[in-house]
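> Sharing start06.tsv below, TSV, N, CA and C atoms:
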```tsv
chain	number	residue	atom	x	y	z
A	1	MET	N	-61.14	59.65	-13.02
A	1	MET	CA	-61.49	60.89	-13.68
A	1	MET	C	-60.47	61.97	-13.29
A	2	THR	N	-60.08	62.79	-14.23
A	2	THR	CA	-59.10	63.83	-13.95
A	2	THR	C	-59.81	65.13	-13.61
A	3	ASN	N	-59.15	65.91	-12.80
A	3	ASN	CA	-59.68	67.19	-12.39
A	3	ASN	C	-59.11	68.26	-13.33
A	4	VAL	N	-59.94	68.81	-14.21
A	4	VAL	CA	-59.50	69.79	-15.19
A	4	VAL	C	-60.14	71.13	-14.83
A	5	SER	N	-59.29	72.15	-14.70
A	5	SER	CA	-59.83	73.46	-14.35
A	5	SER	C	-60.51	74.08	-15.56
A	6	PRO	N	-61.49	74.96	-15.32
A	6	PRO	CA	-62.19	75.61	-16.43
A	6	PRO	C	-61.25	76.46	-17.30
A	7	VAL	N	-60.20	77.02	-16.69
A	7	VAL	CA	-59.26	77.86	-17.45
A	7	VAL	C	-58.49	77.01	-18.46
A	8	SER	N	-57.96	75.86	-18.01
A	8	SER	CA	-57.19	75.02	-18.92
A	8	SER	C	-58.09	74.41	-19.99
A	9	LYS	N	-59.36	74.11	-19.65
A	9	LYS	CA	-60.28	73.59	-20.65
A	9	LYS	C	-60.58	74.65	-21.71
A	10	ALA	N	-60.76	75.90	-21.29
A	10	ALA	CA	-61.03	76.98	-22.23
A	10	ALA	C	-59.82	77.20	-23.13
A	11	MET	N	-58.61	77.12	-22.56
A	11	MET	CA	-57.39	77.30	-23.37
A	11	MET	C	-57.26	76.18	-24.39
A	12	ASN	N	-57.58	74.94	-24.01
A	12	ASN	CA	-57.51	73.83	-24.95
A	12	ASN	C	-58.53	74.00	-26.06
A	13	ASP	N	-59.74	74.49	-25.73
A	13	ASP	CA	-60.76	74.72	-26.74
A	13	ASP	C	-60.31	75.80	-27.72
A	14	LYS	N	-59.69	76.88	-27.21
A	14	LYS	CA	-59.21	77.95	-28.08
A	14	LYS	C	-58.09	77.45	-28.98
A	15	ALA	N	-57.20	76.64	-28.43
A	15	ALA	CA	-56.08	76.10	-29.21
A	15	ALA	C	-56.60	75.20	-30.32
A	16	SER	N	-57.57	74.36	-30.01
A	16	SER	CA	-58.08	73.45	-31.05
A	16	SER	C	-58.82	74.24	-32.12
A	17	MET	N	-59.50	75.31	-31.74
A	17	MET	CA	-60.18	76.16	-32.72
A	17	MET	C	-59.16	76.85	-33.63
A	18	ALA	N	-58.07	77.32	-33.04
A	18	ALA	CA	-57.02	77.97	-33.84
A	18	ALA	C	-56.39	76.96	-34.80
A	19	ASP	N	-56.18	75.74	-34.33
A	19	ASP	CA	-55.62	74.70	-35.20
A	19	ASP	C	-56.55	74.40	-36.37
A	20	ARG	N	-57.84	74.34	-36.09
A	20	ARG	CA	-58.81	74.09	-37.16
A	20	ARG	C	-58.81	75.21	-38.18
A	21	LYS	N	-58.69	76.46	-37.71
A	21	LYS	CA	-58.66	77.60	-38.63
A	21	LYS	C	-57.40	77.55	-39.50
A	22	LYS	N	-56.26	77.17	-38.90
A	22	LYS	CA	-55.01	77.08	-39.67
A	22	LYS	C	-55.15	76.03	-40.77
A	23	VAL	N	-55.73	74.90	-40.46
A	23	VAL	CA	-55.90	73.85	-41.45
A	23	VAL	C	-56.84	74.31	-42.55
A	24	ALA	N	-57.91	74.99	-42.18
A	24	ALA	CA	-58.86	75.47	-43.17
A	24	ALA	C	-58.21	76.51	-44.07
A	25	ASN	N	-57.44	77.44	-43.49
A	25	ASN	CA	-56.78	78.46	-44.30
A	25	ASN	C	-55.70	77.83	-45.19
A	26	GLY	N	-55.00	76.84	-44.70
A	26	GLY	CA	-53.99	76.15	-45.50
A	26	GLY	C	-54.63	75.42	-46.68
A	27	GLY	N	-55.79	74.84	-46.44
A	27	GLY	CA	-56.51	74.15	-47.52
A	27	GLY	C	-56.95	75.11	-48.60
A	28	LYS	N	-57.39	76.29	-48.20
A	28	LYS	CA	-57.80	77.30	-49.18
A	28	LYS	C	-56.62	77.77	-50.01
A	29	ALA	N	-55.47	77.93	-49.35
A	29	ALA	CA	-54.28	78.39	-50.06
A	29	ALA	C	-53.82	77.34	-51.07
A	30	ILE	N	-53.84	76.07	-50.67
A	30	ILE	CA	-53.42	75.01	-51.59
A	30	ILE	C	-54.40	74.89	-52.75
A	31	PHE	N	-55.69	74.98	-52.46
A	31	PHE	CA	-56.69	74.91	-53.52
A	31	PHE	C	-56.51	76.05	-54.51
A	32	SER	N	-56.33	77.28	-53.99
A	32	SER	CA	-56.18	78.41	-54.89
A	32	SER	C	-54.89	78.31	-55.70
A	33	LEU	N	-53.82	77.76	-55.10
A	33	LEU	CA	-52.57	77.57	-55.83
A	33	LEU	C	-52.77	76.61	-56.99
A	34	PHE	N	-53.41	75.49	-56.74
A	34	PHE	CA	-53.63	74.51	-57.80
A	34	PHE	C	-54.68	74.96	-58.81
A	35	PHE	N	-55.52	75.89	-58.44
A	35	PHE	CA	-56.49	76.43	-59.37
A	35	PHE	C	-55.87	77.52	-60.25
A	36	LEU	N	-55.07	78.40	-59.63
A	36	LEU	CA	-54.50	79.52	-60.38
A	36	LEU	C	-53.27	79.13	-61.20
A	37	LEU	N	-52.52	78.16	-60.75
A	37	LEU	CA	-51.30	77.77	-61.45
A	37	LEU	C	-51.57	77.32	-62.89
A	38	PRO	N	-52.54	76.46	-63.15
A	38	PRO	CA	-52.81	76.10	-64.55
A	38	PRO	C	-53.29	77.29	-65.38
A	39	LEU	N	-54.04	78.19	-64.76
A	39	LEU	CA	-54.49	79.36	-65.50
A	39	LEU	C	-53.31	80.25	-65.91
A	40	LEU	N	-52.38	80.45	-64.98
A	40	LEU	CA	-51.22	81.28	-65.30
A	40	LEU	C	-50.27	80.58	-66.26
A	41	SER	N	-50.14	79.28	-66.16
A	41	SER	CA	-49.23	78.57	-67.05
A	41	SER	C	-49.75	78.57	-68.48
A	42	GLY	N	-51.04	78.75	-68.66
A	42	GLY	CA	-51.59	78.86	-70.01
A	42	GLY	C	-51.11	80.11	-70.73
A	43	CYS	N	-50.65	81.10	-69.99
A	43	CYS	CA	-50.15	82.33	-70.59
A	43	CYS	C	-48.67	82.23	-70.97
A	44	ALA	N	-47.98	81.22	-70.46
A	44	ALA	CA	-46.55	81.09	-70.69
A	44	ALA	C	-46.29	80.53	-72.08
A	45	ARG	N	-45.31	81.11	-72.74
A	45	ARG	CA	-44.94	80.64	-74.07
A	45	ARG	C	-43.47	80.97	-74.28
A	46	GLN	N	-42.74	80.05	-74.87
A	46	GLN	CA	-41.34	80.30	-75.14
A	46	GLN	C	-41.18	80.59	-76.63
A	47	ALA	N	-40.48	81.66	-76.91
A	47	ALA	CA	-40.25	82.04	-78.31
A	47	ALA	C	-39.33	81.01	-78.96
A	48	THR	N	-39.63	80.65	-80.19
A	48	THR	CA	-38.83	79.64	-80.87
A	48	THR	C	-37.41	80.12	-81.17
A	49	ASP	N	-37.23	81.41	-81.35
A	49	ASP	CA	-35.88	81.90	-81.63
A	49	ASP	C	-35.05	82.08	-80.35
A	50	ALA	N	-35.64	81.81	-79.17
A	50	ALA	CA	-34.91	81.90	-77.91
A	50	ALA	C	-34.18	80.60	-77.59
A	51	VAL	N	-34.50	79.53	-78.33
A	51	VAL	CA	-33.87	78.23	-78.10
A	51	VAL	C	-32.99	77.90	-79.29
A	52	SER	N	-31.75	77.53	-79.01
A	52	SER	CA	-30.81	77.18	-80.06
A	52	SER	C	-29.97	76.00	-79.59
A	53	HIS	N	-29.60	75.14	-80.52
A	53	HIS	CA	-28.77	73.99	-80.19
A	53	HIS	C	-27.43	74.06	-80.89
A	54	ASP	N	-27.01	75.25	-81.25
A	54	ASP	CA	-25.71	75.45	-81.86
A	54	ASP	C	-24.61	75.26	-80.83
A	55	PRO	N	-23.40	74.86	-81.27
A	55	PRO	CA	-22.29	74.79	-80.33
A	55	PRO	C	-21.98	76.17	-79.76
A	56	GLY	N	-21.69	76.21	-78.49
A	56	GLY	CA	-21.39	77.48	-77.84
A	56	GLY	C	-22.61	78.16	-77.24
A	57	THR	N	-23.79	77.60	-77.46
A	57	THR	CA	-24.99	78.15	-76.85
A	57	THR	C	-25.01	77.76	-75.37
A	58	PRO	N	-25.33	78.70	-74.48
A	58	PRO	CA	-25.34	78.36	-73.05
A	58	PRO	C	-26.26	77.18	-72.75
A	59	GLY	N	-25.74	76.24	-71.98
A	59	GLY	CA	-26.50	75.04	-71.62
A	59	GLY	C	-26.62	74.90	-70.11
A	60	PHE	N	-26.63	73.67	-69.66
A	60	PHE	CA	-26.88	73.35	-68.26
A	60	PHE	C	-25.84	73.98	-67.33
A	61	LEU	N	-24.55	73.80	-67.63
A	61	LEU	CA	-23.50	74.31	-66.74
A	61	LEU	C	-23.49	75.84	-66.68
A	62	LEU	N	-23.66	76.49	-67.82
A	62	LEU	CA	-23.73	77.95	-67.78
A	62	LEU	C	-25.02	78.42	-67.10
A	63	GLY	N	-26.08	77.61	-67.18
A	63	GLY	CA	-27.30	77.93	-66.45
A	63	GLY	C	-27.07	77.94	-64.95
A	64	ILE	N	-26.31	76.94	-64.46
A	64	ILE	CA	-25.96	76.91	-63.03
A	64	ILE	C	-25.15	78.16	-62.67
A	65	TRP	N	-24.18	78.49	-63.50
A	65	TRP	CA	-23.34	79.66	-63.23
A	65	TRP	C	-24.17	80.95	-63.23
A	66	HIS	N	-25.03	81.11	-64.22
A	66	HIS	CA	-25.86	82.32	-64.30
A	66	HIS	C	-26.83	82.41	-63.13
A	67	GLY	N	-27.35	81.28	-62.68
A	67	GLY	CA	-28.22	81.27	-61.50
A	67	GLY	C	-27.45	81.63	-60.24
A	68	PHE	N	-26.21	81.15	-60.14
A	68	PHE	CA	-25.37	81.44	-58.98
A	68	PHE	C	-25.03	82.92	-58.88
A	69	ILE	N	-24.73	83.56	-60.02
A	69	ILE	CA	-24.33	84.97	-60.00
A	69	ILE	C	-25.54	85.90	-60.18
A	70	PHE	N	-26.74	85.35	-60.15
A	70	PHE	CA	-27.95	86.15	-60.37
A	70	PHE	C	-28.02	87.42	-59.52
A	71	PRO	N	-27.80	87.37	-58.19
A	71	PRO	CA	-27.94	88.61	-57.40
A	71	PRO	C	-27.01	89.72	-57.87
A	72	VAL	N	-25.77	89.38	-58.15
A	72	VAL	CA	-24.80	90.39	-58.59
A	72	VAL	C	-25.17	90.89	-59.98
A	73	ALA	N	-25.52	89.96	-60.88
A	73	ALA	CA	-25.89	90.35	-62.24
A	73	ALA	C	-27.13	91.24	-62.24
A	74	TRP	N	-28.07	90.96	-61.36
A	74	TRP	CA	-29.29	91.77	-61.30
A	74	TRP	C	-28.97	93.20	-60.88
A	75	VAL	N	-28.14	93.35	-59.87
A	75	VAL	CA	-27.78	94.70	-59.41
A	75	VAL	C	-27.05	95.44	-60.53
A	76	PHE	N	-26.09	94.79	-61.19
A	76	PHE	CA	-25.36	95.44	-62.28
A	76	PHE	C	-26.27	95.76	-63.46
A	77	SER	N	-27.27	94.90	-63.70
A	77	SER	CA	-28.18	95.13	-64.84
A	77	SER	C	-29.05	96.37	-64.64
A	78	LEU	N	-29.21	96.80	-63.39
A	78	LEU	CA	-29.97	98.02	-63.14
A	78	LEU	C	-29.25	99.26	-63.66
A	79	PHE	N	-27.91	99.18	-63.73
A	79	PHE	CA	-27.11	100.34	-64.11
A	79	PHE	C	-26.49	100.23	-65.50
A	80	ASP	N	-26.46	99.04	-66.07
A	80	ASP	CA	-25.84	98.84	-67.38
A	80	ASP	C	-26.77	98.01	-68.26
A	81	ALA	N	-27.21	98.55	-69.37
A	81	ALA	CA	-28.15	97.87	-70.25
A	81	ALA	C	-27.52	96.68	-70.97
A	82	GLN	N	-26.20	96.60	-71.00
A	82	GLN	CA	-25.51	95.50	-71.68
A	82	GLN	C	-25.45	94.22	-70.83
A	83	ILE	N	-25.78	94.31	-69.56
A	83	ILE	CA	-25.72	93.16	-68.67
A	83	ILE	C	-27.12	92.60	-68.50
A	84	ALA	N	-27.24	91.28	-68.72
A	84	ALA	CA	-28.54	90.61	-68.57
A	84	ALA	C	-28.41	89.52	-67.50
A	85	ILE	N	-29.53	89.15	-66.93
A	85	ILE	CA	-29.50	88.12	-65.88
A	85	ILE	C	-29.83	86.74	-66.44
A	86	TYR	N	-30.15	86.65	-67.72
A	86	TYR	CA	-30.58	85.40	-68.33
A	86	TYR	C	-30.07	85.39	-69.77
A	87	ALA	N	-29.43	84.29	-70.17
A	87	ALA	CA	-28.86	84.21	-71.52
A	87	ALA	C	-29.92	83.81	-72.55
A	88	VAL	N	-30.02	84.61	-73.61
A	88	VAL	CA	-30.91	84.30	-74.73
A	88	VAL	C	-30.10	84.48	-76.00
A	89	PRO	N	-30.04	83.52	-76.88
A	89	PRO	CA	-30.67	82.20	-76.87
A	89	PRO	C	-29.91	81.24	-75.97
A	90	ASN	N	-30.61	80.19	-75.53
A	90	ASN	CA	-30.00	79.14	-74.73
A	90	ASN	C	-30.53	77.80	-75.21
A	91	THR	N	-30.14	76.71	-74.55
A	91	THR	CA	-30.55	75.38	-75.01
A	91	THR	C	-31.94	74.98	-74.53
A	92	GLY	N	-32.63	75.84	-73.86
A	92	GLY	CA	-34.01	75.56	-73.46
A	92	GLY	C	-34.12	74.99	-72.06
A	93	GLY	N	-34.74	73.83	-71.95
A	93	GLY	CA	-35.05	73.23	-70.65
A	93	GLY	C	-33.84	72.96	-69.78
A	94	TRP	N	-32.75	72.48	-70.38
A	94	TRP	CA	-31.56	72.19	-69.57
A	94	TRP	C	-30.94	73.45	-69.02
A	95	TYR	N	-30.91	74.52	-69.81
A	95	TYR	CA	-30.40	75.80	-69.29
A	95	TYR	C	-31.29	76.28	-68.15
A	96	ASP	N	-32.59	76.21	-68.35
A	96	ASP	CA	-33.54	76.65	-67.32
A	96	ASP	C	-33.37	75.85	-66.03
A	97	PHE	N	-33.19	74.53	-66.17
A	97	PHE	CA	-33.00	73.68	-65.00
A	97	PHE	C	-31.71	74.05	-64.26
A	98	GLY	N	-30.64	74.28	-65.01
A	98	GLY	CA	-29.38	74.71	-64.39
A	98	GLY	C	-29.52	76.05	-63.72
A	99	TYR	N	-30.25	76.97	-64.35
A	99	TYR	CA	-30.48	78.30	-63.79
A	99	TYR	C	-31.22	78.18	-62.46
A	100	PHE	N	-32.25	77.33	-62.45
A	100	PHE	CA	-33.02	77.09	-61.23
A	100	PHE	C	-32.13	76.52	-60.12
A	101	LEU	N	-31.33	75.50	-60.46
A	101	LEU	CA	-30.43	74.91	-59.46
A	101	LEU	C	-29.43	75.94	-58.95
A	102	GLY	N	-28.93	76.78	-59.85
A	102	GLY	CA	-27.96	77.80	-59.45
A	102	GLY	C	-28.55	78.78	-58.46
A	103	ILE	N	-29.78	79.18	-58.67
A	103	ILE	CA	-30.41	80.14	-57.75
A	103	ILE	C	-30.78	79.46	-56.43
A	104	VAL	N	-31.46	78.33	-56.51
A	104	VAL	CA	-32.03	77.72	-55.31
A	104	VAL	C	-30.98	77.04	-54.43
A	105	PHE	N	-30.09	76.26	-55.03
A	105	PHE	CA	-29.18	75.46	-54.22
A	105	PHE	C	-27.81	76.10	-54.01
A	106	PHE	N	-27.37	76.91	-54.94
A	106	PHE	CA	-26.04	77.48	-54.83
A	106	PHE	C	-26.05	78.98	-54.58
A	107	GLY	N	-27.11	79.66	-54.94
A	107	GLY	CA	-27.16	81.12	-54.83
A	107	GLY	C	-28.00	81.58	-53.66
A	108	ILE	N	-29.03	82.35	-53.96
A	108	ILE	CA	-29.86	83.00	-52.95
A	108	ILE	C	-30.53	81.99	-52.02
A	109	GLY	N	-31.09	80.94	-52.56
A	109	GLY	CA	-31.84	79.98	-51.75
A	109	GLY	C	-30.98	79.04	-50.94
A	110	ALA	N	-29.67	79.17	-51.00
A	110	ALA	CA	-28.79	78.22	-50.34
A	110	ALA	C	-28.40	78.66	-48.93
A	111	ARG	N	-29.13	79.60	-48.36
A	111	ARG	CA	-28.81	80.05	-47.00
A	111	ARG	C	-29.03	78.93	-46.02
A	112	LYS	N	-28.14	78.80	-45.08
A	112	LYS	CA	-28.30	77.80	-44.03
A	112	LYS	C	-28.79	78.50	-42.77
A	113	THR	N	-30.09	78.68	-42.71
A	113	THR	CA	-30.67	79.35	-41.54
A	113	THR	C	-31.20	78.30	-40.58
A	114	LYS	N	-31.24	78.68	-39.35
A	114	LYS	CA	-31.73	77.79	-38.32
A	114	LYS	C	-32.95	78.43	-37.67
A	115	THR	N	-34.04	77.71	-37.65
A	115	THR	CA	-35.26	78.21	-37.05
A	115	THR	C	-35.33	77.72	-35.61
A	116	VAL	N	-35.52	78.64	-34.71
A	116	VAL	CA	-35.63	78.30	-33.29
A	116	VAL	C	-37.05	78.61	-32.84
A	117	THR	N	-37.68	77.62	-32.24
A	117	THR	CA	-39.03	77.79	-31.73
A	117	THR	C	-38.97	77.82	-30.21
A	118	ILE	N	-39.56	78.86	-29.64
A	118	ILE	CA	-39.57	79.00	-28.19
A	118	ILE	C	-41.02	78.84	-27.73
A	119	TYR	N	-41.22	77.90	-26.82
A	119	TYR	CA	-42.55	77.67	-26.28
A	119	TYR	C	-42.71	78.46	-24.98
A	120	VAL	N	-43.84	79.09	-24.82
A	120	VAL	CA	-44.11	79.89	-23.64
A	120	VAL	C	-45.25	79.25	-22.87
A	121	ASP	N	-45.03	79.04	-21.60
A	121	ASP	CA	-46.05	78.48	-20.73
A	121	ASP	C	-46.83	79.65	-20.14
A	122	ARG	N	-48.02	79.90	-20.67
A	122	ARG	CA	-48.79	81.07	-20.25
A	122	ARG	C	-49.41	80.90	-18.87
A	123	LEU	N	-49.64	79.68	-18.46
A	123	LEU	CA	-50.23	79.49	-17.15
A	123	LEU	C	-49.26	79.84	-16.04
A	124	ARG	N	-47.98	79.58	-16.24
A	124	ARG	CA	-46.99	79.86	-15.22
A	124	ARG	C	-46.28	81.18	-15.46
A	125	GLY	N	-46.48	81.78	-16.61
A	125	GLY	CA	-45.87	83.09	-16.90
A	125	GLY	C	-44.41	83.02	-17.30
A	126	ARG	N	-43.94	81.87	-17.77
A	126	ARG	CA	-42.55	81.74	-18.19
A	126	ARG	C	-42.44	81.86	-19.67
```
Show me the file's structure as structure tokens.

Amino acid sequence: MTNVSPVSKAMNDKASMADRKKVANGGKAIFSLFFLLPLLSGCARQATDAVSHDPGTPGFLLGIWHGFIFPVAWVFSLFDAQIAIYAVPNTGGWYDFGYFLGIVFFGIGARKTKTVTIYVDRLRGR
């Protein structure tokens, strides 16, 4: 049998309670996301005149480029009404996919950050 002090037992009980609360809150967030997402997507509609398959219409590659330059284009669009952050008309889904890739992987979302976790031993004060 191990000798466990009342202080360490109380700390373990508090930690397990906090872990249970985190799991419960995470479950609520995921449930609400999956509940609200279909409701919001029901409001989405693409105008038929916004999609064109003519030659010269922005497609996948220009979508990547527009996603990549999004931050700069957005700032300039605040001061000049002739500058837009999204090309209309475009080829539809492929342009949107390229735009997404441009923002997430090549533009804003492509930051290489490093997360450092520091553990603190409260019993020893370190």
> For CA of Trp94 in chain A and CA of Pro71 in chain A, quote the distance in Å rounded to one decimal.
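Taking CA of Trp94 in chain A and CA of Pro71 in chain A, their separation equals 20.8 Å.
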> Between A:Ala47, A:Leu37, A:Leu78, A:Ile64, which is the closest to Leu101 in chain A once you count all atoms listed in the file?
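Of the candidates, the smallest distance to Leu101 in chain A is held by A:Ile64.
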> Have a look at CA of Phe70 in chain A and CA of Ile85 in chain A and let me know their distance in Å, one decimal.
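Computing it gives 6.1 Å between the two atoms.
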> Distance CA of Tyr99 in chain A-CA of Leu39 in chain A, one decimal place?
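Calculated distance between CA of Tyr99 in chain A and CA of Leu39 in chain A is 24.1 Å.
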> Check the DSSP output for the backbone and give back, as number ranges by chain, the residues of range 18-101 of chain A in helix (DSSP H, G or I).
A: 18-41, 48-50, 60-68, 70-79, 93-101
